[in-house]
>>> print(open('input33.tsv').read())   # TSV, C-alpha atoms
chain	number	residue	atom	x	y	z
A	649	MET	CA	84.15	92.35	38.71
A	650	ASN	CA	83.73	88.63	38.08
A	651	SER	CA	83.57	88.29	34.31
A	652	MET	CA	82.61	84.61	34.56
A	653	ALA	CA	79.13	85.75	35.56
A	654	LYS	CA	78.54	87.79	32.43
A	655	ASP	CA	75.68	87.16	30.02
A	656	PRO	CA	76.70	87.94	26.42
A	657	ILE	CA	74.95	91.34	26.28
A	658	SER	CA	76.72	92.37	29.51
A	659	LEU	CA	79.93	91.00	28.07
A	660	MET	CA	79.59	93.21	24.98
A	661	MET	CA	78.66	96.17	27.14
A	662	ASP	CA	81.60	95.76	29.54
A	663	ALA	CA	84.03	95.07	26.69
A	664	SER	CA	82.94	98.27	24.93
A	665	LEU	CA	83.35	100.24	28.17
A	666	ARG	CA	86.93	99.05	28.51
A	667	MET	CA	88.11	99.27	24.88
A	668	SER	CA	86.90	100.91	21.70
A	669	PRO	CA	85.97	100.54	18.87
A	670	THR	CA	83.71	97.51	19.08
A	671	PHE	CA	82.77	95.81	15.82
A	672	LEU	CA	79.58	93.80	15.60
A	673	ASN	CA	80.16	91.62	12.56
A	674	TYR	CA	76.83	90.25	11.48
A	675	GLN	CA	75.39	88.04	8.79
A	676	ILE	CA	72.04	88.58	7.12
A	677	GLY	CA	69.36	86.95	9.26
A	678	SER	CA	71.19	87.44	12.57
A	679	GLU	CA	68.77	90.17	13.74
A	680	ILE	CA	71.61	92.60	14.40
A	681	GLU	CA	69.10	95.44	14.74
A	682	LEU	CA	67.49	93.76	17.74
A	683	ILE	CA	70.85	92.82	19.30
A	684	LEU	CA	71.88	96.45	19.07
A	685	TYR	CA	68.57	97.48	20.65
A	686	HIS	CA	69.25	95.29	23.70
A	687	LEU	CA	72.84	96.52	23.92
A	688	LEU	CA	71.89	100.19	23.56
A	689	LYS	CA	69.12	99.87	26.09
A	690	ARG	CA	71.70	98.94	28.72
A	691	LEU	CA	74.47	101.27	27.55
A	692	LYS	CA	72.61	104.45	26.75
A	693	GLY	CA	72.00	105.56	30.33
A	694	LEU	CA	75.74	105.65	30.98
A	695	TYR	CA	76.30	108.42	28.41
A	696	ASP	CA	75.41	112.10	28.22
A	697	GLU	CA	75.34	112.22	24.43
A	698	VAL	CA	74.69	109.64	21.73
A	699	PHE	CA	75.98	110.28	18.21
A	700	VAL	CA	74.74	108.24	15.28
A	701	ILE	CA	76.75	108.35	12.06
A	702	SER	CA	74.53	106.77	9.46
A	703	PHE	CA	75.51	105.90	5.89
A	704	HIS	CA	72.90	105.43	3.16
A	705	ASP	CA	69.81	105.53	5.42
A	706	ALA	CA	71.07	102.77	7.73
A	707	TYR	CA	69.67	104.48	10.84
A	708	HIS	CA	66.26	104.77	9.18
A	709	PHE	CA	66.28	101.03	8.37
A	710	PHE	CA	67.40	100.10	11.91
A	711	VAL	CA	64.82	102.25	13.67
A	712	SER	CA	62.03	101.22	11.37
A	713	TYR	CA	62.61	97.51	12.04
A	714	VAL	CA	63.34	97.79	15.78
A	715	SER	CA	60.28	99.95	16.46
A	716	SER	CA	58.08	97.40	14.68
A	717	VAL	CA	59.23	94.80	17.23
A	718	TYR	CA	59.70	96.84	20.41
A	719	PRO	CA	57.37	99.75	21.28
A	720	ASP	CA	60.25	101.74	22.79
A	721	GLY	CA	62.59	101.00	19.86
A	722	ARG	CA	62.48	104.53	18.46
A	723	GLU	CA	63.23	106.01	21.90
A	724	VAL	CA	66.13	103.64	22.59
A	725	PHE	CA	67.70	104.52	19.22
A	726	ARG	CA	67.01	108.26	19.51
A	727	PRO	CA	70.38	110.05	19.22
A	728	SER	CA	71.48	113.41	20.56
A	729	TYR	CA	73.04	114.04	17.14
A	730	LEU	CA	72.36	112.29	13.84
A	731	ILE	CA	74.92	112.67	11.06
A	732	SER	CA	73.52	111.31	7.80
A	733	VAL	CA	75.92	110.46	5.00
A	734	ASN	CA	74.29	110.14	1.58
A	735	PRO	CA	70.73	109.84	2.89
A	736	PHE	CA	67.57	109.57	0.83
A	737	LEU	CA	64.87	108.41	3.23
A	738	GLU	CA	66.58	109.71	6.36
A	739	GLU	CA	66.32	113.41	5.56
A	740	VAL	CA	62.76	113.50	6.95
A	741	MET	CA	64.22	112.54	10.35
A	742	ASN	CA	65.85	116.01	10.60
A	743	PRO	CA	69.49	114.95	10.88
A	744	THR	CA	71.88	117.31	12.68
A	745	MET	CA	74.07	117.21	9.59
A	746	VAL	CA	73.67	115.86	6.05
A	747	ILE	CA	76.71	115.00	3.94
A	748	LYS	CA	76.21	114.10	0.31
A	749	VAL	CA	79.55	113.05	-1.14
A	750	LYS	CA	81.40	109.76	-1.55
A	751	ASP	CA	84.95	111.01	-0.92
A	752	PRO	CA	86.14	109.65	2.48
A	753	GLU	CA	88.36	112.63	3.20
A	754	ILE	CA	85.55	115.12	2.68
A	755	ILE	CA	83.12	113.01	4.71
A	756	MET	CA	85.58	112.66	7.58
A	757	GLY	CA	86.57	116.34	7.42
A	758	ARG	CA	82.96	117.47	7.73
A	759	ILE	CA	82.22	115.06	10.57
A	760	GLN	CA	85.36	116.16	12.36
A	761	SER	CA	84.49	119.85	12.04
A	762	LYS	CA	80.97	119.14	13.30
A	763	LEU	CA	82.34	117.33	16.34
A	764	LEU	CA	84.75	120.19	17.02
A	765	SER	CA	81.88	122.70	16.83
A	766	LEU	CA	80.08	120.78	19.57
A	767	ASN	CA	82.70	121.59	22.17
A	768	PRO	CA	84.47	118.22	22.41
A	769	ASP	CA	86.06	119.07	25.77
A	770	ASN	CA	82.79	119.63	27.55
A	771	GLY	CA	83.43	116.62	29.76
A	772	LYS	CA	80.31	114.82	28.55
A	773	LYS	CA	80.48	111.08	28.06
A	774	LYS	CA	79.84	110.20	24.44
A	775	LEU	CA	78.61	107.06	22.71
A	776	PHE	CA	79.09	106.77	18.94
A	777	LEU	CA	77.08	104.40	16.81
A	778	VAL	CA	78.30	103.91	13.22
A	779	LEU	CA	75.74	102.26	10.95
A	780	GLY	CA	75.75	101.46	7.24
A	781	LEU	CA	79.48	101.46	6.48
A	782	ASP	CA	78.77	98.18	4.68
A	783	LEU	CA	76.09	99.82	2.52
A	784	TYR	CA	78.63	102.54	1.67
A	785	GLY	CA	81.32	99.93	0.99
A	786	ILE	CA	79.21	97.90	-1.41
A	787	ARG	CA	78.76	101.02	-3.54
A	788	TYR	CA	82.25	102.41	-3.06
A	789	ARG	CA	84.66	99.55	-2.38
A	790	ASP	CA	87.89	101.52	-2.84
A	791	GLU	CA	86.65	104.37	-0.67
A	792	LEU	CA	85.68	101.92	2.09
A	793	ILE	CA	89.28	100.77	2.37
A	794	GLN	CA	90.24	104.39	3.14
A	795	MET	CA	87.19	105.09	5.26
A	796	ILE	CA	87.61	102.35	7.88
A	797	PRO	CA	91.01	103.50	9.20
A	798	MET	CA	90.00	107.16	9.01
A	799	ILE	CA	86.77	106.80	10.93
A	800	SER	CA	88.32	104.41	13.46
A	801	ARG	CA	91.20	106.79	14.20
A	802	MET	CA	89.04	109.88	14.29
A	803	LEU	CA	86.52	108.41	16.75
A	804	ALA	CA	89.28	106.79	18.84
A	805	ARG	CA	90.60	110.31	19.46
A	806	GLU	CA	87.27	111.22	20.99
A	807	ARG	CA	88.02	108.75	23.84
A	808	SER	CA	84.42	107.61	23.63
A	809	ASN	CA	82.60	104.35	23.24
A	810	VAL	CA	82.30	103.48	19.54
A	811	LEU	CA	80.07	100.70	18.24
A	812	MET	CA	80.06	99.70	14.57
A	813	ALA	CA	77.77	97.15	12.92
A	814	PHE	CA	79.26	95.68	9.75
A	815	ASN	CA	78.51	92.76	7.44
A	816	VAL	CA	81.94	91.30	6.71
A	817	ARG	CA	80.59	88.54	4.46
A	818	ALA	CA	79.62	91.11	1.85
A	819	PHE	CA	83.33	91.83	1.23
A	820	PRO	CA	86.53	90.01	0.31
A	821	GLU	CA	88.92	88.85	3.02
A	822	THR	CA	91.19	91.86	2.56
A	823	VAL	CA	88.44	94.12	3.90
A	824	SER	CA	87.77	91.94	6.94
A	825	GLU	CA	91.51	91.92	7.66
A	826	ILE	CA	91.55	95.72	7.67
A	827	ILE	CA	88.56	95.81	10.01
A	828	ASP	CA	90.14	93.25	12.32
A	829	SER	CA	93.26	95.34	12.57
A	830	PHE	CA	91.32	98.37	13.83
A	831	ALA	CA	88.75	96.65	16.06
A	832	LEU	CA	89.65	96.12	19.68
A	833	ASN	CA	86.49	94.14	20.39
A	834	ILE	CA	84.95	91.87	17.78
A	835	PHE	CA	81.67	90.00	18.20
A	836	ARG	CA	80.40	87.84	15.34
A	837	PHE	CA	76.71	87.17	14.73
A	838	ALA	CA	76.17	84.26	12.39
A	839	VAL	CA	73.31	82.14	11.15
A	840	GLU	CA	73.21	78.35	10.91
A	841	VAL	CA	70.51	76.61	8.90
A	842	LYS	CA	69.40	73.05	9.57
A	843	LYS	CA	66.39	71.66	7.70
A	844	LYS	CA	65.32	75.21	6.85
A	845	ALA	CA	65.29	76.20	10.54
A	846	ILE	CA	67.50	79.15	11.48
A	847	ARG	CA	69.74	79.11	14.55
A	848	ARG	CA	71.49	82.31	15.44
A	849	LYS	CA	74.93	82.19	16.99
A	850	LEU	CA	77.11	84.79	18.71
A	851	THR	CA	80.86	84.21	18.97
A	852	VAL	CA	83.26	86.41	20.89
A	853	ILE	CA	86.22	86.83	18.55
A	854	ARG	CA	88.17	89.39	20.54
A	855	SER	CA	87.49	91.07	23.89
A	856	PRO	CA	89.39	92.00	27.04
A	857	PHE	CA	87.73	89.04	28.77
A	858	ILE	CA	90.01	86.39	27.37
A	859	GLU	CA	88.26	83.52	29.13
A	860	TYR	CA	85.27	84.22	26.85
A	861	ASN	CA	87.13	84.70	23.58
A	862	LEU	CA	86.13	82.15	20.92
A	863	ARG	CA	83.19	81.02	23.01
A	864	SER	CA	79.78	80.92	21.37
A	865	TRP	CA	76.12	81.11	22.32
A	866	TYR	CA	72.97	80.31	20.38
A	867	TYR	CA	70.40	83.02	20.89
A	868	THR	CA	66.69	83.52	20.46
A	869	ILE	CA	65.04	86.92	20.27
A	870	THR	CA	61.38	87.45	21.12
A	871	LYS	CA	59.26	90.45	22.03
A	872	GLU	CA	59.93	89.59	25.65
A	873	GLY	CA	63.70	89.74	25.29
A	874	ILE	CA	66.72	87.73	24.28
A	875	THR	CA	67.83	84.36	25.63
A	876	PHE	CA	71.24	82.72	25.23
A	877	GLU	CA	72.32	79.10	25.36
A	878	LEU	CA	76.03	78.36	25.61
A	879	ALA	CA	77.24	76.39	22.56
A	880	GLU	CA	79.56	73.44	23.09
A	881	ARG	CA	83.13	74.07	22.06
B	1336	MET	CA	61.57	80.99	-17.83
B	1337	ALA	CA	62.43	84.30	-19.54
B	1338	LYS	CA	66.13	84.86	-20.24
B	1339	GLY	CA	66.25	87.98	-18.03
B	1340	SER	CA	64.62	86.04	-15.21
B	1341	GLU	CA	67.20	83.26	-15.54
B	1342	VAL	CA	70.04	85.76	-15.28
B	1343	LEU	CA	68.50	87.52	-12.29
B	1344	VAL	CA	67.78	84.27	-10.43
B	1345	ARG	CA	71.39	83.20	-11.00
B	1346	VAL	CA	72.68	86.52	-9.67
B	1347	ILE	CA	70.41	86.39	-6.60
B	1348	SER	CA	71.39	82.76	-5.88
B	1349	GLY	CA	75.09	83.65	-6.13
B	1350	SER	CA	74.65	86.67	-3.87
B	1351	LEU	CA	72.80	84.63	-1.24
B	1352	ASN	CA	75.36	81.84	-1.34
B	1353	ASP	CA	78.14	84.35	-0.73
B	1354	VAL	CA	76.67	86.60	1.93
B	1355	ALA	CA	74.04	84.42	3.56
B	1356	PRO	CA	75.03	80.78	3.08
B	1357	GLY	CA	72.17	78.44	3.87
B	1358	LEU	CA	69.56	81.16	3.70
B	1359	LYS	CA	68.70	80.68	0.02
B	1360	ASP	CA	66.49	77.70	0.87
B	1361	VAL	CA	64.91	79.62	3.74
B	1362	LEU	CA	64.14	82.58	1.47
B	1363	GLU	CA	62.76	80.35	-1.29
B	1364	ALA	CA	60.51	78.56	1.21
B	1365	HIS	CA	59.33	81.94	2.53
B	1366	LEU	CA	58.60	83.19	-1.01
B	1367	ARG	CA	56.62	80.04	-1.84
B	1368	VAL	CA	54.53	80.34	1.30
B	1369	THR	CA	53.89	84.08	1.07
B	1370	LEU	CA	53.86	84.73	-2.69
B	1371	HIS	CA	53.47	81.20	-4.14
B	1372	ARG	CA	56.54	81.77	-6.32
B	1373	GLY	CA	60.30	81.12	-6.15
B	1374	LEU	CA	63.19	83.55	-6.71
B	1375	GLU	CA	61.76	84.31	-10.17
B	1376	ILE	CA	59.30	86.66	-8.44
B	1377	ALA	CA	62.21	89.13	-8.26
B	1378	TYR	CA	61.93	89.54	-12.05
B	1379	GLU	CA	58.16	89.34	-12.23
B	1380	ASP	CA	57.50	91.72	-9.33
B	1381	PRO	CA	60.68	93.16	-7.78
B	1382	LYS	CA	58.74	95.24	-5.25
B	1383	ALA	CA	56.92	92.17	-3.90
B	1384	PHE	CA	60.26	90.31	-3.73
B	1385	LYS	CA	61.82	93.14	-1.72
B	1386	GLY	CA	58.84	93.26	0.61
B	1387	ALA	CA	59.14	89.52	1.29
B	1388	VAL	CA	62.90	89.81	1.95
B	1389	GLU	CA	62.25	92.71	4.35
B	1390	LYS	CA	59.72	90.66	6.28
B	1391	LEU	CA	62.16	87.78	6.60
B	1392	PHE	CA	65.47	89.55	7.26
B	1393	GLY	CA	64.54	93.14	8.19
B	1394	GLU	CA	64.79	96.31	6.09
B	1395	TYR	CA	68.50	96.84	6.63
B	1396	SER	CA	69.58	93.40	5.46
B	1397	ALA	CA	67.07	93.59	2.61
B	1398	ARG	CA	68.74	96.80	1.40
B	1399	LEU	CA	72.19	95.28	1.82
B	1400	LEU	CA	71.17	92.26	-0.27
B	1401	GLU	CA	69.58	94.53	-2.88
B	1402	LEU	CA	72.82	96.54	-3.20
B	1403	ILE	CA	74.89	93.36	-3.59
B	1404	ILE	CA	72.53	92.11	-6.32
B	1405	LEU	CA	72.74	95.49	-8.08
B	1406	GLN	CA	76.54	95.49	-7.96
B	1407	ARG	CA	76.64	92.00	-9.50
B	1408	LEU	CA	74.21	92.98	-12.25
B	1409	LYS	CA	76.29	96.08	-12.92
B	1410	ALA	CA	79.42	93.94	-13.30
B	1411	GLN	CA	77.62	91.30	-15.38
B	1412	PHE	CA	76.16	93.77	-17.89
B	1413	GLY	CA	79.04	96.24	-17.76
B	1414	TRP	CA	76.79	99.13	-16.77
B	1415	LEU	CA	78.78	102.28	-16.10
B	1416	ASP	CA	76.13	103.92	-13.98
B	1417	GLY	CA	74.49	101.33	-11.81
B	1418	PRO	CA	70.76	101.37	-11.06
B	1419	SER	CA	69.87	102.31	-7.49
B	1420	THR	CA	66.93	99.95	-7.03
B	1421	LEU	CA	66.04	96.42	-8.07
B	1422	GLU	CA	62.99	97.75	-9.89
B	1423	GLU	CA	65.23	99.95	-12.07
B	1424	ALA	CA	67.62	97.06	-12.70
B	1425	VAL	CA	64.81	94.73	-13.78
B	1426	GLU	CA	63.53	97.38	-16.20
B	1427	ARG	CA	67.01	97.57	-17.75
B	1428	VAL	CA	67.33	93.80	-18.00
B	1429	ARG	CA	63.89	93.57	-19.61
B	1430	ARG	CA	64.96	96.11	-22.22
B	1431	ILE	CA	68.18	94.20	-22.93
B	1432	TYR	CA	66.29	90.95	-23.61
B	1433	GLY	CA	63.23	92.60	-25.14
B	1434	GLU	CA	60.94	91.03	-22.53
>>> encode(input="input33.tsv", output="structure tokens")
Amino acid sequence: MNSMAKDPISLMMDASLRMSPTFLNYQIGSEIELILYHLLKRLKGLYDEVFVISFHDAYHFFVSYVSSVYPDGREVFRPSYLISVNPFLEEVMNPTMVIKVKDPEIIMGRIQSKLLSLNPDNGKKKLFLVLGLDLYGIRYRDELIQMIPMISRMLARERSNVLMAFNVRAFPETVSEIIDSFALNIFRFAVEVKKKAIRRKLTVIRSPFIEYNLRSWYYTITKEGITFELAER
Amino acid sequence: MAKGSEVLVRVISGSLNDVAPGLKDVLEAHLRVTLHRGLEIAYEDPKAFKGAVEKLFGEYSARLLELIILQRLKAQFGWLDGPSTLEEAVERVRRIYGE
């Protein structure tokens, strides 16, 4: 495959197919929900099962926003299994499993036992989407430090594709260093403001396609799709 | 400006500068156009403030920003049990300053 021909969504997709987990580090205003929609739309068909692990109603917030922009948003985000950790609004979405504790070991233990009960060796290809770890971490900072390695290791054992959206700016550098040490692919979604106009920028921080690492694109999202413009180095 | 409003505006400004640098001006401009008020609307009508933030940044980022603001208020006032919404936090701040 000629990676020089990749558009950034294909780049993220192919990177996640080669190595996992993939961290999508976003800033407020970067429209991460819509980026994930475009990524999922291309990835979903490659998998037999999609698992969403949602902390603090994150899935509800994602779906609600995406479906207000794209008519098929709810369908694209529809999981095979929804595991809701500390939900409030999300319970009406009939999650497969609800966990209401803050202790990382208990949360991980229950998720692990659920995954084991679903016959993990059934040969099905699995895609995991982890949303809202940042919402959990803002409330429980110390627990987040334990949670990131635990969830990364546990899902890595599943030999599946794992995507995590996370707002690094909401945390001190120590947290972003921990995340960096567990992420095999890192894509950063930032926002630049000039004269009150927002420009959104994607930078490849780490991926198996080294010719693209540290390269950036400005992007624009509309109802028709997403367009990228390569940023000068 | 009421004392509680001053404190809240300072906390919101600090939160925005940390997690969304550059977006404070964008949010203020959005609030002025849609609600004809600045960040002080968060104290006067927290629900309207949250609605405006949701329209601008999406529900997820709005919740993230709300949680960051709540954590800062919790630290500032030394609350042991933090409020879970901005509306609750504003009620508490109003009681503290008798406003």
>>> closest_residue(input="input33.tsv", among="B:Glu1394, B:Asp1360, B:Glu1434, B:Glu1426", to="Lys844 (chain A)", atoms="all atoms listed in the file")
B:Asp1360
>>> closest_residue(input="input33.tsv", among="A:Phe736, A:Phe710, A:Phe830, A:Phe857", to="chain B", atoms="only C-alpha atoms")
A:Phe710
>>> interface_residues(input="input33.tsv", of="chain A", to="chain B", cutoff="6 Å", atoms="all atoms listed in the file", output="mmCIF file with C-alpha atoms, in the frame of the given file")
data_model
loop_
_atom_site.group_PDB
_atom_site.id
_atom_site.type_symbol
_atom_site.label_atom_id
_atom_site.label_comp_id
_atom_site.auth_asym_id
_atom_site.auth_seq_id
_atom_site.Cartn_x
_atom_site.Cartn_y
_atom_site.Cartn_z
ATOM 1 C CA ILE A 676 72.040 88.580 7.120
ATOM 2 C CA GLY A 677 69.360 86.950 9.260
ATOM 3 C CA PHE A 709 66.280 101.030 8.370
ATOM 4 C CA ARG A 817 80.590 88.540 4.460
ATOM 5 C CA ALA A 818 79.620 91.110 1.850
ATOM 6 C CA VAL A 841 70.510 76.610 8.900
ATOM 7 C CA LYS A 844 65.320 75.210 6.850
#
>>> closest_residue(input="input33.tsv", among="B:Lys1338, B:Ala1387, B:Arg1429, B:Leu1415", to="Arg1367 (chain B)", atoms="only C-alpha atoms")
B:Ala1387
>>> closest_residue(input="input33.tsv", among="A:Val733, A:Ile858, A:Val823, A:Leu850", to="Phe835 (chain A)", atoms="all atoms listed in the file")
A:Leu850
>>> residues_around(input="input33.tsv", residues="Pro768 (chain A)", least_positions_apart="5", cutoff="12 Å", atoms="all atoms listed in the file", output="list in words")
Glu697, Gln760, Ser761, Lys762, Leu763, Lys773, Lys774, Leu803, Arg805, Glu806, Arg807 and Ser808 of chain A
>>> residues_near_point(input="input33.tsv", point="(87.0, 96.3, -5.8)", cutoff="12 Å", atoms="all atoms listed in the file", output="PDB file with C-alpha atoms, in the coordinates of the input")
ATOM      1  CA  GLY A 785      81.320  99.930   0.990  1.00  0.00           C
ATOM      2  CA  ILE A 786      79.210  97.900  -1.410  1.00  0.00           C
ATOM      3  CA  ARG A 787      78.760 101.020  -3.540  1.00  0.00           C
ATOM      4  CA  TYR A 788      82.250 102.410  -3.060  1.00  0.00           C
ATOM      5  CA  ARG A 789      84.660  99.550  -2.380  1.00  0.00           C
ATOM      6  CA  ASP A 790      87.890 101.520  -2.840  1.00  0.00           C
ATOM      7  CA  GLU A 791      86.650 104.370  -0.670  1.00  0.00           C
ATOM      8  CA  LEU A 792      85.680 101.920   2.090  1.00  0.00           C
ATOM      9  CA  ILE A 793      89.280 100.770   2.370  1.00  0.00           C
ATOM     10  CA  ALA A 818      79.620  91.110   1.850  1.00  0.00           C
ATOM     11  CA  PHE A 819      83.330  91.830   1.230  1.00  0.00           C
ATOM     12  CA  PRO A 820      86.530  90.010   0.310  1.00  0.00           C
ATOM     13  CA  GLU A 821      88.920  88.850   3.020  1.00  0.00           C
ATOM     14  CA  THR A 822      91.190  91.860   2.560  1.00  0.00           C
ATOM     15  CA  VAL A 823      88.440  94.120   3.900  1.00  0.00           C
TER      16      VAL A 823
ATOM     17  CA  GLN B1406      76.540  95.490  -7.960  1.00  0.00           C
ATOM     18  CA  ARG B1407      76.640  92.000  -9.500  1.00  0.00           C
ATOM     19  CA  ALA B1410      79.420  93.940 -13.300  1.00  0.00           C
TER      20      ALA B1410
END
>>> residues_around(input="input33.tsv", residues="Ile1404 (chain B)", least_positions_apart="4", cutoff="9 Å", atoms="all atoms listed in the file", output="list in words")
Leu1343, Val1346, Ile1347, Gly1349, Ser1350, Leu1399, Leu1400, Leu1408, Lys1409 and Leu1421 of chain B
>>> residues_around(input="input33.tsv", residues="Phe814 (chain A)", least_positions_apart="6", cutoff="10 Å", atoms="only C-alpha atoms", output="JSON, numbers by chain")
{"A": [671, 672, 673, 674, 675, 680, 778, 779, 780, 781, 782, 783, 785, 824, 827, 836]}
>>> write_last_selection(input="input33.tsv", atoms="C-alpha atoms", output="PDB file, keeping the file's coordinate frame")
ATOM      1  CA  PHE A 671      82.770  95.810  15.820  1.00  0.00           C
ATOM      2  CA  LEU A 672      79.580  93.800  15.600  1.00  0.00           C
ATOM      3  CA  ASN A 673      80.160  91.620  12.560  1.00  0.00           C
ATOM      4  CA  TYR A 674      76.830  90.250  11.480  1.00  0.00           C
ATOM      5  CA  GLN A 675      75.390  88.040   8.790  1.00  0.00           C
ATOM      6  CA  ILE A 680      71.610  92.600  14.400  1.00  0.00           C
ATOM      7  CA  VAL A 778      78.300 103.910  13.220  1.00  0.00           C
ATOM      8  CA  LEU A 779      75.740 102.260  10.950  1.00  0.00           C
ATOM      9  CA  GLY A 780      75.750 101.460   7.240  1.00  0.00           C
ATOM     10  CA  LEU A 781      79.480 101.460   6.480  1.00  0.00           C
ATOM     11  CA  ASP A 782      78.770  98.180   4.680  1.00  0.00           C
ATOM     12  CA  LEU A 783      76.090  99.820   2.520  1.00  0.00           C
ATOM     13  CA  GLY A 785      81.320  99.930   0.990  1.00  0.00           C
ATOM     14  CA  SER A 824      87.770  91.940   6.940  1.00  0.00           C
ATOM     15  CA  ILE A 827      88.560  95.810  10.010  1.00  0.00           C
ATOM     16  CA  ARG A 836      80.400  87.840  15.340  1.00  0.00           C
TER      17      ARG A 836
END
>>> residues_near_point(input="input33.tsv", point="(84.4, 84.7, 20.2)", cutoff="10 Å", atoms="all atoms listed in the file", output="list in words")
Asn833, Ile834, Phe835, Arg836, Phe837, Leu850, Thr851, Val852, Ile853, Arg854, Ser855, Ile858, Glu859, Tyr860, Asn861, Leu862, Arg863, Ser864 and Trp865 of chain A
>>> write_last_selection(input="input33.tsv", atoms="C-alpha atoms", output="compact mmCIF listing (two decimals), in the frame of the given file")
# COMPACT_ATOMS: atom_id res chain seq x y z
CA ASN A 833 86.49 94.14 20.39
CA ILE A 834 84.95 91.87 17.78
CA PHE A 835 81.67 90.00 18.20
CA ARG A 836 80.40 87.84 15.34
CA PHE A 837 76.71 87.17 14.73
CA LEU A 850 77.11 84.79 18.71
CA THR A 851 80.86 84.21 18.97
CA VAL A 852 83.26 86.41 20.89
CA ILE A 853 86.22 86.83 18.55
CA ARG A 854 88.17 89.39 20.54
CA SER A 855 87.49 91.07 23.89
CA ILE A 858 90.01 86.39 27.37
CA GLU A 859 88.26 83.52 29.13
CA TYR A 860 85.27 84.22 26.85
CA ASN A 861 87.13 84.70 23.58
CA LEU A 862 86.13 82.15 20.92
CA ARG A 863 83.19 81.02 23.01
CA SER A 864 79.78 80.92 21.37
CA TRP A 865 76.12 81.11 22.32
